$ cat target21.txt   # compact mmCIF, C-alpha atoms and all ligand atoms
# COMPACT_ATOMS: atom_id res chain seq x y z
CA MET A 1 -13.94 10.86 -62.17
CA LEU A 2 -13.23 14.40 -63.35
CA ILE A 3 -10.83 14.93 -66.24
CA ASP A 4 -9.39 18.27 -67.33
CA ILE A 5 -8.92 18.51 -71.10
CA ILE A 6 -6.40 21.17 -72.07
CA ALA A 7 -6.45 23.02 -75.40
CA GLY A 8 -4.61 26.18 -76.32
CA ALA A 9 -3.59 26.38 -79.95
CA ARG A 10 -5.11 25.49 -83.32
CA PRO A 11 -3.80 21.91 -83.65
CA ASN A 12 -5.04 21.10 -80.13
CA PHE A 13 -8.65 21.86 -81.04
CA ILE A 14 -8.56 19.27 -83.83
CA LYS A 15 -7.20 16.67 -81.39
CA ILE A 16 -9.64 17.19 -78.49
CA SER A 17 -12.81 17.01 -80.61
CA PRO A 18 -12.87 13.18 -80.94
CA LEU A 19 -11.83 12.77 -77.31
CA ILE A 20 -14.84 14.76 -76.16
CA ALA A 21 -17.13 12.79 -78.48
CA ALA A 22 -15.76 9.50 -77.10
CA ILE A 23 -16.22 10.64 -73.48
CA ARG A 24 -19.79 11.72 -74.19
CA LYS A 25 -20.54 8.31 -75.67
CA LYS A 26 -19.37 6.62 -72.47
CA GLN A 27 -21.35 9.07 -70.34
CA ASN A 28 -24.45 8.06 -72.30
CA GLU A 29 -23.66 4.44 -71.49
CA GLY A 30 -23.70 5.37 -67.80
CA ILE A 31 -19.96 5.48 -67.08
CA ASN A 32 -18.96 7.99 -64.41
CA ILE A 33 -16.55 10.11 -66.44
CA GLN A 34 -16.88 13.89 -66.43
CA PHE A 35 -14.67 16.51 -68.04
CA ARG A 36 -13.85 20.21 -67.86
CA LEU A 37 -12.53 21.93 -70.93
CA ILE A 38 -9.74 24.44 -70.23
CA HIS A 39 -8.86 26.82 -73.11
CA THR A 40 -5.60 28.57 -72.32
CA GLY A 41 -6.22 31.34 -74.86
CA GLN A 42 -2.83 30.84 -76.58
CA HIS A 43 -4.69 31.15 -79.89
CA TYR A 44 -7.60 33.58 -79.66
CA ASP A 45 -8.55 34.87 -83.16
CA LYS A 46 -11.85 33.74 -84.67
CA ASN A 47 -9.89 32.11 -87.51
CA MET A 48 -7.37 30.40 -85.22
CA SER A 49 -9.79 29.27 -82.50
CA ASP A 50 -13.58 29.92 -82.59
CA SER A 51 -14.22 28.45 -86.05
CA PHE A 52 -12.71 25.12 -84.89
CA PHE A 53 -15.02 24.99 -81.87
CA GLU A 54 -18.04 25.64 -84.11
CA GLN A 55 -17.18 23.17 -86.86
CA LEU A 56 -15.79 20.33 -84.75
CA ASP A 57 -18.64 20.20 -82.18
CA ILE A 58 -16.43 21.31 -79.29
CA PRO A 59 -18.42 22.74 -76.37
CA ASN A 60 -17.71 26.18 -74.92
CA PRO A 61 -14.74 25.96 -72.58
CA ASP A 62 -15.49 25.80 -68.85
CA PHE A 63 -12.52 28.11 -68.31
CA ASN A 64 -10.57 30.40 -70.61
CA LEU A 65 -7.22 31.52 -69.21
CA GLY A 66 -6.94 34.26 -71.85
CA VAL A 67 -3.15 34.14 -71.92
CA GLY A 68 -2.84 35.64 -75.44
CA SER A 69 0.42 36.37 -77.22
CA GLY A 70 3.84 36.74 -75.64
CA THR A 71 7.30 35.26 -75.42
CA GLN A 72 7.63 31.56 -74.60
CA ALA A 73 8.23 32.35 -70.93
CA VAL A 74 5.39 34.86 -70.68
CA GLN A 75 2.93 32.41 -72.23
CA THR A 76 4.19 29.45 -70.16
CA ALA A 77 4.08 31.38 -66.90
CA GLY A 78 0.65 32.88 -67.59
CA ILE A 79 -0.86 29.48 -68.39
CA MET A 80 0.75 27.81 -65.37
CA VAL A 81 -0.52 30.45 -62.95
CA GLY A 82 -4.01 30.47 -64.47
CA TYR A 83 -4.44 26.69 -64.46
CA GLU A 84 -2.93 26.31 -61.00
CA ALA A 85 -5.53 28.75 -59.63
CA ILE A 86 -8.34 26.59 -61.05
CA LEU A 87 -6.83 23.42 -59.61
CA LEU A 88 -6.29 24.96 -56.18
CA LYS A 89 -9.95 25.92 -56.03
CA SER A 90 -11.28 22.67 -57.46
CA PRO A 91 -8.83 19.87 -58.25
CA SER A 92 -9.53 17.29 -60.93
CA ASN A 93 -8.53 13.60 -61.01
CA LEU A 94 -6.54 13.73 -64.25
CA CYS A 95 -5.05 16.35 -66.57
CA VAL A 96 -5.14 15.33 -70.24
CA VAL A 97 -2.83 17.27 -72.55
CA VAL A 98 -2.45 16.84 -76.30
CA GLY A 99 0.36 17.57 -78.76
CA ASP A 100 3.40 19.73 -78.16
CA VAL A 101 2.39 23.36 -77.86
CA THR A 102 3.30 25.67 -74.99
CA SER A 103 -0.10 25.09 -73.36
CA THR A 104 0.57 21.32 -73.28
CA MET A 105 3.76 21.67 -71.25
CA ALA A 106 2.55 24.50 -68.99
CA CYS A 107 -0.61 22.71 -67.83
CA ALA A 108 1.21 19.40 -67.36
CA ILE A 109 3.63 21.12 -64.98
CA SER A 110 0.90 22.86 -62.96
CA ALA A 111 -1.07 19.62 -62.57
CA LYS A 112 1.91 17.46 -61.69
CA LYS A 113 3.11 19.87 -59.00
CA LEU A 114 -0.31 19.57 -57.37
CA LEU A 115 0.01 15.77 -57.51
CA ILE A 116 -2.63 15.40 -60.21
CA PRO A 117 -1.68 12.68 -62.71
CA VAL A 118 -1.01 13.68 -66.32
CA ALA A 119 -1.98 11.84 -69.50
CA HIS A 120 -0.27 12.89 -72.74
CA ILE A 121 -1.95 12.21 -76.07
CA GLU A 122 0.69 12.07 -78.83
CA GLY A 123 3.44 11.30 -76.31
CA GLY A 124 6.87 10.07 -77.32
CA ILE A 125 7.39 11.74 -80.69
CA ARG A 126 10.78 13.46 -81.11
CA SER A 127 12.41 15.58 -83.81
CA GLY A 128 15.79 15.64 -82.07
CA ASP A 129 15.87 19.37 -82.84
CA MET A 130 16.22 21.31 -79.61
CA THR A 131 15.99 24.65 -81.43
CA MET A 132 12.24 24.07 -81.77
CA PRO A 133 10.14 25.12 -78.75
CA GLU A 134 7.87 22.15 -79.50
CA GLU A 135 10.72 19.65 -78.88
CA VAL A 136 11.40 21.18 -75.47
CA ASN A 137 7.67 21.02 -74.74
CA ARG A 138 7.57 17.33 -75.73
CA ILE A 139 10.53 16.33 -73.58
CA VAL A 140 9.41 18.28 -70.51
CA THR A 141 5.83 17.03 -70.80
CA ASP A 142 6.85 13.39 -71.27
CA SER A 143 9.28 13.58 -68.34
CA ILE A 144 6.34 14.16 -65.94
CA THR A 145 3.56 12.23 -67.74
CA ASP A 146 1.95 9.23 -66.03
CA ILE A 147 -0.08 7.74 -68.91
CA PHE A 148 1.15 7.94 -72.51
CA PHE A 149 -1.04 7.56 -75.60
CA THR A 150 1.05 7.12 -78.73
CA THR A 151 0.44 7.44 -82.47
CA THR A 152 3.13 4.93 -83.54
CA THR A 153 5.21 2.11 -82.09
CA TRP A 154 8.28 4.30 -82.77
CA ALA A 155 6.97 6.90 -80.30
CA GLY A 156 6.57 4.12 -77.74
CA ASP A 157 10.15 2.96 -78.36
CA ASN A 158 11.40 6.50 -77.74
CA LEU A 159 9.64 6.49 -74.39
CA LEU A 160 10.94 3.04 -73.46
CA SER A 161 14.50 4.10 -74.19
CA SER A 162 14.09 7.14 -71.95
CA GLY A 163 13.12 4.85 -69.06
CA VAL A 164 9.32 4.92 -69.19
CA SER A 165 7.70 1.63 -68.11
CA LYS A 166 5.95 -0.48 -70.74
CA GLU A 167 2.74 -0.54 -68.70
CA SER A 168 2.22 3.21 -68.95
CA ILE A 169 2.44 3.35 -72.78
CA HIS A 170 -0.64 2.71 -74.89
CA PHE A 171 -0.37 2.62 -78.68
CA VAL A 172 -3.80 3.89 -79.71
CA GLY A 173 -3.37 5.61 -83.09
CA ASN A 174 -3.91 9.21 -84.08
CA VAL A 175 -6.73 11.45 -82.79
CA MET A 176 -6.04 14.04 -85.51
CA ILE A 177 -6.97 11.35 -88.04
CA ASP A 178 -10.14 10.52 -86.06
CA THR A 179 -11.26 14.08 -86.79
CA LEU A 180 -10.25 13.85 -90.43
CA ARG A 181 -12.22 10.63 -90.94
CA LYS A 182 -15.27 11.93 -89.10
CA TYR A 183 -15.51 15.25 -90.91
CA GLU A 184 -14.18 14.32 -94.37
CA SER A 185 -17.66 14.15 -95.86
CA ALA A 186 -18.39 17.66 -94.53
CA PHE A 187 -15.31 19.36 -96.05
CA SER A 188 -16.56 22.49 -97.81
CA LYS A 189 -15.36 24.73 -100.63
CA PRO A 190 -13.87 27.98 -99.38
CA SER A 191 -15.17 31.08 -101.17
CA LEU A 192 -11.84 31.47 -102.97
CA TRP A 193 -12.51 28.18 -104.82
CA ASP A 194 -14.83 29.86 -107.31
CA ILE A 195 -13.13 33.24 -107.21
CA GLU A 196 -9.80 31.70 -108.27
CA ASN A 197 -11.36 29.14 -110.60
CA LEU A 198 -9.88 26.20 -108.73
CA SER A 199 -10.55 22.60 -109.71
CA LYS A 200 -9.21 19.26 -108.51
CA GLY A 201 -5.45 19.05 -109.04
CA ASN A 202 -4.93 22.48 -110.63
CA TYR A 203 -3.38 24.29 -107.63
CA PHE A 204 -0.97 23.87 -104.70
CA VAL A 205 -1.50 24.70 -101.01
CA LEU A 206 1.26 26.46 -99.06
CA THR A 207 1.56 26.96 -95.29
CA LEU A 208 4.58 28.40 -93.46
CA HIS A 209 4.94 29.57 -89.89
CA ARG A 210 8.12 28.16 -88.36
CA PRO A 211 10.76 30.69 -87.33
CA ALA A 212 13.41 28.87 -89.47
CA ASN A 213 11.38 29.66 -92.60
CA VAL A 214 9.62 32.93 -91.90
CA ASP A 215 11.69 35.00 -89.48
CA ALA A 216 14.48 35.92 -91.93
CA ALA A 217 12.99 38.27 -94.53
CA GLU A 218 15.39 37.65 -97.43
CA LYS A 219 15.19 33.88 -97.06
CA LEU A 220 11.41 33.97 -96.95
CA LYS A 221 11.37 36.03 -100.15
CA LEU A 222 13.61 33.52 -101.90
CA THR A 223 11.61 30.55 -100.58
CA ILE A 224 8.36 31.97 -101.92
CA SER A 225 9.81 32.90 -105.31
CA GLU A 226 11.24 29.36 -105.73
CA ILE A 227 7.82 27.91 -104.86
CA VAL A 228 6.08 30.16 -107.39
CA LYS A 229 8.61 29.21 -110.08
CA GLY A 230 8.40 25.46 -109.42
CA THR A 231 4.59 25.31 -109.28
CA ASN A 232 4.10 27.18 -112.56
CA PRO A 233 1.58 27.14 -114.33
CA ASN A 234 -0.52 26.28 -111.25
CA LEU A 235 -1.82 28.68 -108.63
CA VAL A 236 -0.48 28.56 -105.08
CA ILE A 237 -3.04 29.14 -102.32
CA PHE A 238 -1.37 30.45 -99.16
CA PRO A 239 -3.54 30.69 -96.02
CA VAL A 240 -1.33 32.90 -93.89
CA HIS A 241 -0.65 32.23 -90.20
CA PRO A 242 -0.66 35.46 -88.09
CA ARG A 243 3.06 35.05 -87.31
CA THR A 244 3.87 34.96 -91.04
CA ARG A 245 1.47 37.77 -91.95
CA LYS A 246 3.37 40.30 -89.86
CA ILE A 247 6.54 39.53 -91.81
CA LEU A 248 4.88 39.33 -95.24
CA GLU A 249 3.31 42.74 -94.78
CA GLU A 250 6.74 44.28 -94.42
CA LEU A 251 8.10 42.44 -97.47
CA GLU A 252 5.28 43.21 -99.91
CA ILE A 253 5.88 39.98 -101.86
CA SER A 254 3.43 39.58 -104.72
CA PHE A 255 3.18 37.18 -107.67
CA GLU A 256 0.24 36.73 -110.01
CA SER A 257 -0.05 33.00 -109.27
CA LEU A 258 0.32 33.38 -105.48
CA LYS A 259 -3.00 33.89 -103.69
CA TYR A 260 -2.96 34.88 -100.03
CA SER A 261 -5.87 34.15 -97.73
CA ASP A 262 -6.62 34.50 -94.02
CA PRO A 263 -6.23 31.28 -92.00
CA LEU A 264 -9.06 29.00 -93.13
CA SER A 265 -11.50 26.99 -91.04
CA TYR A 266 -10.86 23.25 -90.64
CA LEU A 267 -13.47 22.12 -93.16
CA GLU A 268 -12.41 24.63 -95.80
CA PHE A 269 -8.69 24.09 -95.37
CA ASN A 270 -8.95 20.34 -95.68
CA TYR A 271 -11.23 20.63 -98.72
CA LEU A 272 -8.40 22.54 -100.35
CA VAL A 273 -5.76 20.03 -99.25
CA LYS A 274 -7.77 17.01 -100.37
CA ASN A 275 -8.14 18.40 -103.89
CA ALA A 276 -4.68 19.94 -104.27
CA LYS A 277 -1.99 18.77 -106.67
CA GLY A 278 0.41 19.00 -103.75
CA VAL A 279 1.07 20.70 -100.42
CA ILE A 280 4.18 22.63 -99.39
CA THR A 281 4.40 23.15 -95.64
CA ASP A 282 6.49 23.37 -92.48
CA SER A 283 3.71 22.04 -90.25
CA GLY A 284 3.76 18.62 -88.58
CA GLY A 285 0.04 17.91 -88.37
CA ILE A 286 -0.60 18.68 -92.03
CA THR A 287 1.90 15.98 -93.06
CA GLU A 288 -0.27 13.44 -91.21
CA GLU A 289 -3.40 14.66 -92.99
CA THR A 290 -1.79 14.60 -96.46
CA THR A 291 -0.54 11.07 -95.72
CA VAL A 292 -4.05 9.85 -94.98
CA MET A 293 -5.56 11.71 -97.95
CA GLY A 294 -2.75 10.52 -100.26
CA VAL A 295 -1.79 14.04 -101.33
CA PRO A 296 1.91 14.68 -102.19
CA CYS A 297 3.56 16.76 -99.46
CA ILE A 298 6.87 18.66 -99.47
CA THR A 299 8.07 19.66 -96.02
CA LEU A 300 10.48 22.58 -95.64
CA ARG A 301 12.22 21.28 -92.51
CA ASP A 302 15.47 19.45 -91.75
CA ASN A 303 13.83 16.95 -89.44
CA THR A 304 10.46 15.63 -88.37
CA GLU A 305 8.96 14.18 -85.22
CA ARG A 306 6.60 12.25 -87.52
CA PRO A 307 8.98 10.05 -89.59
CA GLU A 308 6.14 7.68 -90.54
CA THR A 309 4.72 10.40 -92.82
CA CYS A 310 7.93 10.00 -94.90
CA SER A 311 8.63 6.26 -94.52
CA ILE A 312 5.00 5.20 -95.05
CA GLY A 313 3.15 8.31 -96.23
CA THR A 314 3.38 10.89 -99.02
CA ASN A 315 5.68 13.33 -97.24
CA GLU A 316 9.27 14.21 -98.13
CA LEU A 317 11.60 16.42 -96.08
CA ILE A 318 13.68 18.76 -98.24
CA GLY A 319 15.24 21.03 -95.60
CA THR A 320 15.00 24.81 -95.37
CA ASP A 321 17.44 25.74 -98.14
CA PRO A 322 15.36 27.34 -100.94
CA SER A 323 17.56 25.70 -103.61
CA ALA A 324 15.98 22.30 -102.79
CA ILE A 325 12.48 23.47 -103.74
CA SER A 326 12.81 23.41 -107.52
CA PRO A 327 13.99 19.77 -107.89
CA ALA A 328 11.29 18.52 -105.50
CA LEU A 329 8.55 20.36 -107.35
CA LYS A 330 9.86 19.11 -110.70
CA LYS A 331 9.56 15.52 -109.45
CA LEU A 332 6.02 16.20 -108.31
CA GLN A 333 5.01 18.04 -111.50
CA ASP A 334 6.46 15.18 -113.60
CA GLY A 335 4.13 12.75 -111.81
CA ASN A 336 6.95 10.90 -110.06
CA TRP A 337 5.82 11.38 -106.45
CA LYS A 338 5.39 8.32 -104.20
CA HIS A 339 1.84 7.13 -103.48
CA GLY A 340 2.28 6.15 -99.85
CA GLY A 341 0.23 4.10 -97.41
CA ILE A 342 -1.49 4.69 -94.08
CA PRO A 343 0.22 4.03 -90.71
CA GLU A 344 -1.11 1.34 -88.39
CA LYS A 345 -4.17 2.28 -86.27
CA TRP A 346 -4.74 5.61 -88.06
CA ASP A 347 -8.28 4.40 -88.52
CA GLY A 348 -10.53 6.94 -86.81
CA LYS A 349 -10.83 5.01 -83.53
CA ALA A 350 -7.93 6.39 -81.46
CA ALA A 351 -10.07 8.48 -79.09
CA GLU A 352 -12.34 5.52 -78.34
CA ARG A 353 -9.27 3.43 -77.48
CA ILE A 354 -8.00 6.22 -75.22
CA VAL A 355 -11.25 6.48 -73.29
CA ASP A 356 -11.46 2.69 -72.94
CA LYS A 357 -7.94 2.67 -71.48
CA LEU A 358 -8.84 5.47 -69.05
CA ILE A 359 -11.94 3.60 -67.88
CA GLN A 360 -9.81 0.50 -67.33
CA HIS A 361 -6.99 2.41 -65.67
CA PHE A 362 -9.22 4.25 -63.21
CA ASP A 363 -11.54 1.28 -62.80
CA LEU A 364 -14.60 3.41 -63.55
CA ARG A 365 -17.95 1.84 -62.85
CA LEU A 366 -21.47 2.47 -63.98
CA PHE A 367 -23.51 5.00 -62.01
C1 LIG B 401 1.87 27.46 -82.13
C2 LIG B 401 2.61 26.22 -81.68
C3 LIG B 401 2.98 25.38 -82.90
C4 LIG B 401 1.77 25.10 -83.77
C5 LIG B 401 1.12 26.42 -84.14
C6 LIG B 401 -0.12 26.20 -84.97
C7 LIG B 401 4.00 26.52 -79.67
C8 LIG B 401 5.37 26.65 -79.15
N1 LIG B 401 3.86 26.55 -80.98
O1 LIG B 401 2.83 28.26 -82.86
O2 LIG B 401 3.51 24.14 -82.46
O3 LIG B 401 2.16 24.42 -84.95
O4 LIG B 401 0.77 27.11 -82.93
O5 LIG B 401 -0.73 27.37 -85.34
O6 LIG B 401 3.07 26.40 -78.88
N2 LIG B 401 -1.35 35.08 -83.08
C9 LIG B 401 -2.45 35.81 -83.49
N3 LIG B 401 -3.69 35.28 -83.27
C10 LIG B 401 -3.87 34.08 -82.68
C11 LIG B 401 -2.73 33.36 -82.27
C12 LIG B 401 -1.49 33.86 -82.48
O7 LIG B 401 -2.35 36.89 -84.04
O8 LIG B 401 -5.02 33.65 -82.51
C13 LIG B 401 0.01 35.61 -83.30
C14 LIG B 401 0.67 35.95 -81.99
O9 LIG B 401 0.52 37.28 -81.72
C15 LIG B 401 2.13 35.59 -82.23
C16 LIG B 401 2.10 34.60 -83.35
O10 LIG B 401 0.78 34.57 -83.89
O11 LIG B 401 2.85 36.71 -82.65
C17 LIG B 401 2.52 33.23 -82.89
O12 LIG B 401 1.59 32.62 -82.00
P1 LIG B 401 2.06 31.53 -80.90
O13 LIG B 401 0.89 30.89 -80.27
O14 LIG B 401 3.08 32.13 -80.04
O15 LIG B 401 2.83 30.41 -81.70
P2 LIG B 401 2.56 29.81 -83.13
O16 LIG B 401 3.64 30.29 -84.03
O17 LIG B 401 1.13 30.00 -83.54
$ encode --input "target21.txt" --output "structure tokens"
Amino acid sequence: MLIDIIAGARPNFIKISPLIAAIRKKQNEGINIQFRLIHTGQHYDKNMSDSFFEQLDIPNPDFNLGVGSGTQAVQTAGIMVGYEAILLKSPSNLCVVVGDVTSTMACAISAKKLLIPVAHIEGGIRSGDMTMPEEVNRIVTDSITDIFFTTTTWAGDNLLSSGVSKESIHFVGNVMIDTLRKYESAFSKPSLWDIENLSKGNYFVLTLHRPANVDAAEKLKLTISEIVKGTNPNLVIFPVHPRTRKILEELEISFESLKYSDPLSYLEFNYLVKNAKGVITDSGGITEETTVMGVPCITLRDNTERPETCSIGTNELIGTDPSAISPALKKLQDGNWKHGGIPEKWDGKAAERIVDKLIQHFDLRLF
């Protein structure tokens, strides 16, 4: 049994690490399950890619498609052509894709058209917002997926109502949380911790990269100044995504309490999050991590494909209008933020459940 594991962008690397560890465990038990790791090259910087491979024990990819930056269509087409060429030369038995990035959808299409079954980890989540490329990626991927692994029962219900059969949906939990649990004890202080005199609960973490928040210069300026005002007297640490950096450089926004940094490695970033007073973000994955670590999280989006982070966890959606920032931060600064709980099966064992299901599904035997 040969499985292709697809990874292209930063959040994917965090999700494939426990899957690879779980497959290796079964290999050591004598189960005939092999994998090839395909890196599409969607993210390619050391900070966006290599550091995750090093820290999260991910082996060197067997193939790197080197697609790099480009429009949605350029990236999608480049990944599809590159992966198809690999499959034509040496087909695999299953293509496993994770999450909702362009690489997820592109590889699922290439595999499916060559009659190779597709498994989607984190299938079924929906924001309902078709202006996000990720929502299109989710819907297209799920429409051709054969085996779904879901993080919540809600995701499974979404799939059922779109006509997917109950037998092909497996509620396994959250692989991103597997990684968090496994590496939590290895989280490490970034160098800026001492430079900025940080201590537990005396700073906020900010991340922004979605077009709705960063592509309009004036709005981004206003968003950041509202955040600086509302977090006073605390520092705001802002690890800047490459997409946002390009725009910030043009704007020259600077405040004494706002500290920019390059994108941080996994262990350093999560050290910062774990010890922060709060997180302000437009990411999806970070809202899952703050939920599990019990850190207050303000999300600058109108919708989320991860509603459990709000209904169960510490996350609150406040939309993208900068005027909503001040009241939310006041509530947090006054100590009135909810404490939250942890969603079902977010227990660090999702990848093991996935591999068990695959072994069952493909009836894999010992050597
Ligand atoms: C992608 C994902 C998004 C995910 C995010 C995490 C899609 C549609 N979006 O968005 O879901 O939350 O990754 O980071 O797949 N760039 C670099 N170096 C890199 C990677 C990118 O400089 O290593 C630059 C590119 O030149 C581009 C910009 O960052 O201008 C955006 O990269 P891209 O992969 O297109 O999408 P993201 O915004 O990162």
$ residues_near_ligand --input "target21.txt" --ligand "ligand LIG 401 (chain B)" --cutoff "8 Å" --atoms "only C-alpha atoms and all ligand atoms" --output "short mmCIF file (atom, residue, chain, number, x, y, z; two decimals) with C-alpha atoms, keeping the file's coordinate frame"
data_model
loop_
_atom_site.label_atom_id
_atom_site.label_comp_id
_atom_site.auth_asym_id
_atom_site.auth_seq_id
_atom_site.Cartn_x
_atom_site.Cartn_y
_atom_site.Cartn_z
CA ALA A 9 -3.59 26.38 -79.95
CA ARG A 10 -5.11 25.49 -83.32
CA PRO A 11 -3.80 21.91 -83.65
CA GLN A 42 -2.83 30.84 -76.58
CA HIS A 43 -4.69 31.15 -79.89
CA TYR A 44 -7.60 33.58 -79.66
CA ASP A 45 -8.55 34.87 -83.16
CA LYS A 46 -11.85 33.74 -84.67
CA ASN A 47 -9.89 32.11 -87.51
CA MET A 48 -7.37 30.40 -85.22
CA SER A 49 -9.79 29.27 -82.50
CA GLY A 68 -2.84 35.64 -75.44
CA SER A 69 0.42 36.37 -77.22
CA GLY A 70 3.84 36.74 -75.64
CA THR A 71 7.30 35.26 -75.42
CA GLN A 72 7.63 31.56 -74.60
CA GLN A 75 2.93 32.41 -72.23
CA ASP A 100 3.40 19.73 -78.16
CA VAL A 101 2.39 23.36 -77.86
CA THR A 102 3.30 25.67 -74.99
CA SER A 103 -0.10 25.09 -73.36
CA THR A 104 0.57 21.32 -73.28
CA MET A 132 12.24 24.07 -81.77
CA PRO A 133 10.14 25.12 -78.75
CA GLU A 134 7.87 22.15 -79.50
CA ASN A 137 7.67 21.02 -74.74
CA HIS A 209 4.94 29.57 -89.89
CA ARG A 210 8.12 28.16 -88.36
CA PRO A 211 10.76 30.69 -87.33
CA HIS A 241 -0.65 32.23 -90.20
CA PRO A 242 -0.66 35.46 -88.09
CA ARG A 243 3.06 35.05 -87.31
CA THR A 244 3.87 34.96 -91.04
CA SER A 283 3.71 22.04 -90.25
CA GLY A 284 3.76 18.62 -88.58
CA GLY A 285 0.04 17.91 -88.37
#
$ closest_residue --input "target21.txt" --among "A:Pro263, A:Pro18, A:Gly41, A:Gly230" --to "Ile177 in chain A" --atoms "only C-alpha atoms"
A:Pro18
$ closest_residue --input "target21.txt" --among "A:Val81, A:Val273, A:Ile144, A:Ala106" --to "Phe187 in chain A" --atoms "all atoms listed in the file"
A:Val273
$ residues_around --input "target21.txt" --residues "range 113-122 of chain A" --least-positions-apart "5" --cutoff "8 Å" --atoms "all atoms listed in the file" --output "PDB file with C-alpha atoms, in the frame of the given file"
ATOM      1  CA  LEU A  87      -6.830  23.420 -59.610  1.00  0.00           C
ATOM      2  CA  PRO A  91      -8.830  19.870 -58.250  1.00  0.00           C
ATOM      3  CA  SER A  92      -9.530  17.290 -60.930  1.00  0.00           C
ATOM      4  CA  ASN A  93      -8.530  13.600 -61.010  1.00  0.00           C
ATOM      5  CA  LEU A  94      -6.540  13.730 -64.250  1.00  0.00           C
ATOM      6  CA  CYS A  95      -5.050  16.350 -66.570  1.00  0.00           C
ATOM      7  CA  VAL A  96      -5.140  15.330 -70.240  1.00  0.00           C
ATOM      8  CA  VAL A  97      -2.830  17.270 -72.550  1.00  0.00           C
ATOM      9  CA  VAL A  98      -2.450  16.840 -76.300  1.00  0.00           C
ATOM     10  CA  GLY A  99       0.360  17.570 -78.760  1.00  0.00           C
ATOM     11  CA  ALA A 108       1.210  19.400 -67.360  1.00  0.00           C
ATOM     12  CA  THR A 141       5.830  17.030 -70.800  1.00  0.00           C
ATOM     13  CA  ASP A 142       6.850  13.390 -71.270  1.00  0.00           C
ATOM     14  CA  ILE A 144       6.340  14.160 -65.940  1.00  0.00           C
ATOM     15  CA  THR A 145       3.560  12.230 -67.740  1.00  0.00           C
ATOM     16  CA  ASP A 146       1.950   9.230 -66.030  1.00  0.00           C
ATOM     17  CA  ILE A 147      -0.080   7.740 -68.910  1.00  0.00           C
ATOM     18  CA  PHE A 148       1.150   7.940 -72.510  1.00  0.00           C
ATOM     19  CA  PHE A 149      -1.040   7.560 -75.600  1.00  0.00           C
ATOM     20  CA  THR A 150       1.050   7.120 -78.730  1.00  0.00           C
ATOM     21  CA  THR A 151       0.440   7.440 -82.470  1.00  0.00           C
ATOM     22  CA  ASN A 174      -3.910   9.210 -84.080  1.00  0.00           C
TER      23      ASN A 174
END
$ closest_residue --input "target21.txt" --among "A:Ile342, A:Cys107, A:Val67, A:Ile169" --to "His361 in chain A" --atoms "all atoms listed in the file"
A:Ile169
$ closest_residue --input "target21.txt" --among "A:Ile286, A:Val240, A:Ile139, A:Ala77" --to "Asn158 in chain A" --atoms "all atoms listed in the file"
A:Ile139
$ atom_distance --input "target21.txt" --atom1 "CA of Phe238 in chain A" --atom2 "CA of Leu206 in chain A"
4.8 Å
$ atom_distance --input "target21.txt" --atom1 "CA of Val228 in chain A" --atom2 "CA of Lys246 in chain A"
20.4 Å
$ atom_distance --input "target21.txt" --atom1 "CA of Val172 in chain A" --atom2 "CA of Ile14 in chain A"
16.6 Å
$ closest_residue --input "target21.txt" --among "A:Cys310, A:Ile195, A:Leu251, A:Glu84" --to "Glu218 in chain A" --atoms "all atoms listed in the file"
A:Leu251
$ closest_residue --input "target21.txt" --among "A:Tyr271, A:Phe362, A:Phe35, A:Trp154" --to "Ile125 in chain A" --atoms "all atoms listed in the file"
A:Trp154
$ residues_near_point --input "target21.txt" --point "(1.0, 14.2, -101.4)" --cutoff "9 Å" --atoms "all atoms listed in the file" --output "PyMOL selection string"
chain A and resi 276-279+287+290-291+293-298+313-316+332+337-340
$ write_last_selection --input "target21.txt" --atoms "C-alpha atoms" --output "PDB file, in the coordinates of the input"
ATOM      1  CA  ALA A 276      -4.680  19.940-104.270  1.00  0.00           C
ATOM      2  CA  LYS A 277      -1.990  18.770-106.670  1.00  0.00           C
ATOM      3  CA  GLY A 278       0.410  19.000-103.750  1.00  0.00           C
ATOM      4  CA  VAL A 279       1.070  20.700-100.420  1.00  0.00           C
ATOM      5  CA  THR A 287       1.900  15.980 -93.060  1.00  0.00           C
ATOM      6  CA  THR A 290      -1.790  14.600 -96.460  1.00  0.00           C
ATOM      7  CA  THR A 291      -0.540  11.070 -95.720  1.00  0.00           C
ATOM      8  CA  MET A 293      -5.560  11.710 -97.950  1.00  0.00           C
ATOM      9  CA  GLY A 294      -2.750  10.520-100.260  1.00  0.00           C
ATOM     10  CA  VAL A 295      -1.790  14.040-101.330  1.00  0.00           C
ATOM     11  CA  PRO A 296       1.910  14.680-102.190  1.00  0.00           C
ATOM     12  CA  CYS A 297       3.560  16.760 -99.460  1.00  0.00           C
ATOM     13  CA  ILE A 298       6.870  18.660 -99.470  1.00  0.00           C
ATOM     14  CA  GLY A 313       3.150   8.310 -96.230  1.00  0.00           C
ATOM     15  CA  THR A 314       3.380  10.890 -99.020  1.00  0.00           C
ATOM     16  CA  ASN A 315       5.680  13.330 -97.240  1.00  0.00           C
ATOM     17  CA  GLU A 316       9.270  14.210 -98.130  1.00  0.00           C
ATOM     18  CA  LEU A 332       6.020  16.200-108.310  1.00  0.00           C
ATOM     19  CA  TRP A 337       5.820  11.380-106.450  1.00  0.00           C
ATOM     20  CA  LYS A 338       5.390   8.320-104.200  1.00  0.00           C
ATOM     21  CA  HIS A 339       1.840   7.130-103.480  1.00  0.00           C
ATOM     22  CA  GLY A 340       2.280   6.150 -99.850  1.00  0.00           C
TER      23      GLY A 340
END
$ residues_around --input "target21.txt" --residues "His39 in chain A" --least-positions-apart "4" --cutoff "10 Å" --atoms "all atoms listed in the file" --output "list in words"
Ile5, Ile6, Ala7, Gly8, Ala9, Asn12, Phe13, His43, Tyr44, Ser49, Asn60, Pro61, Asp62, Phe63, Asn64, Leu65, Gly66, Val67, Ile79, Tyr83 and Ser103 of chain A
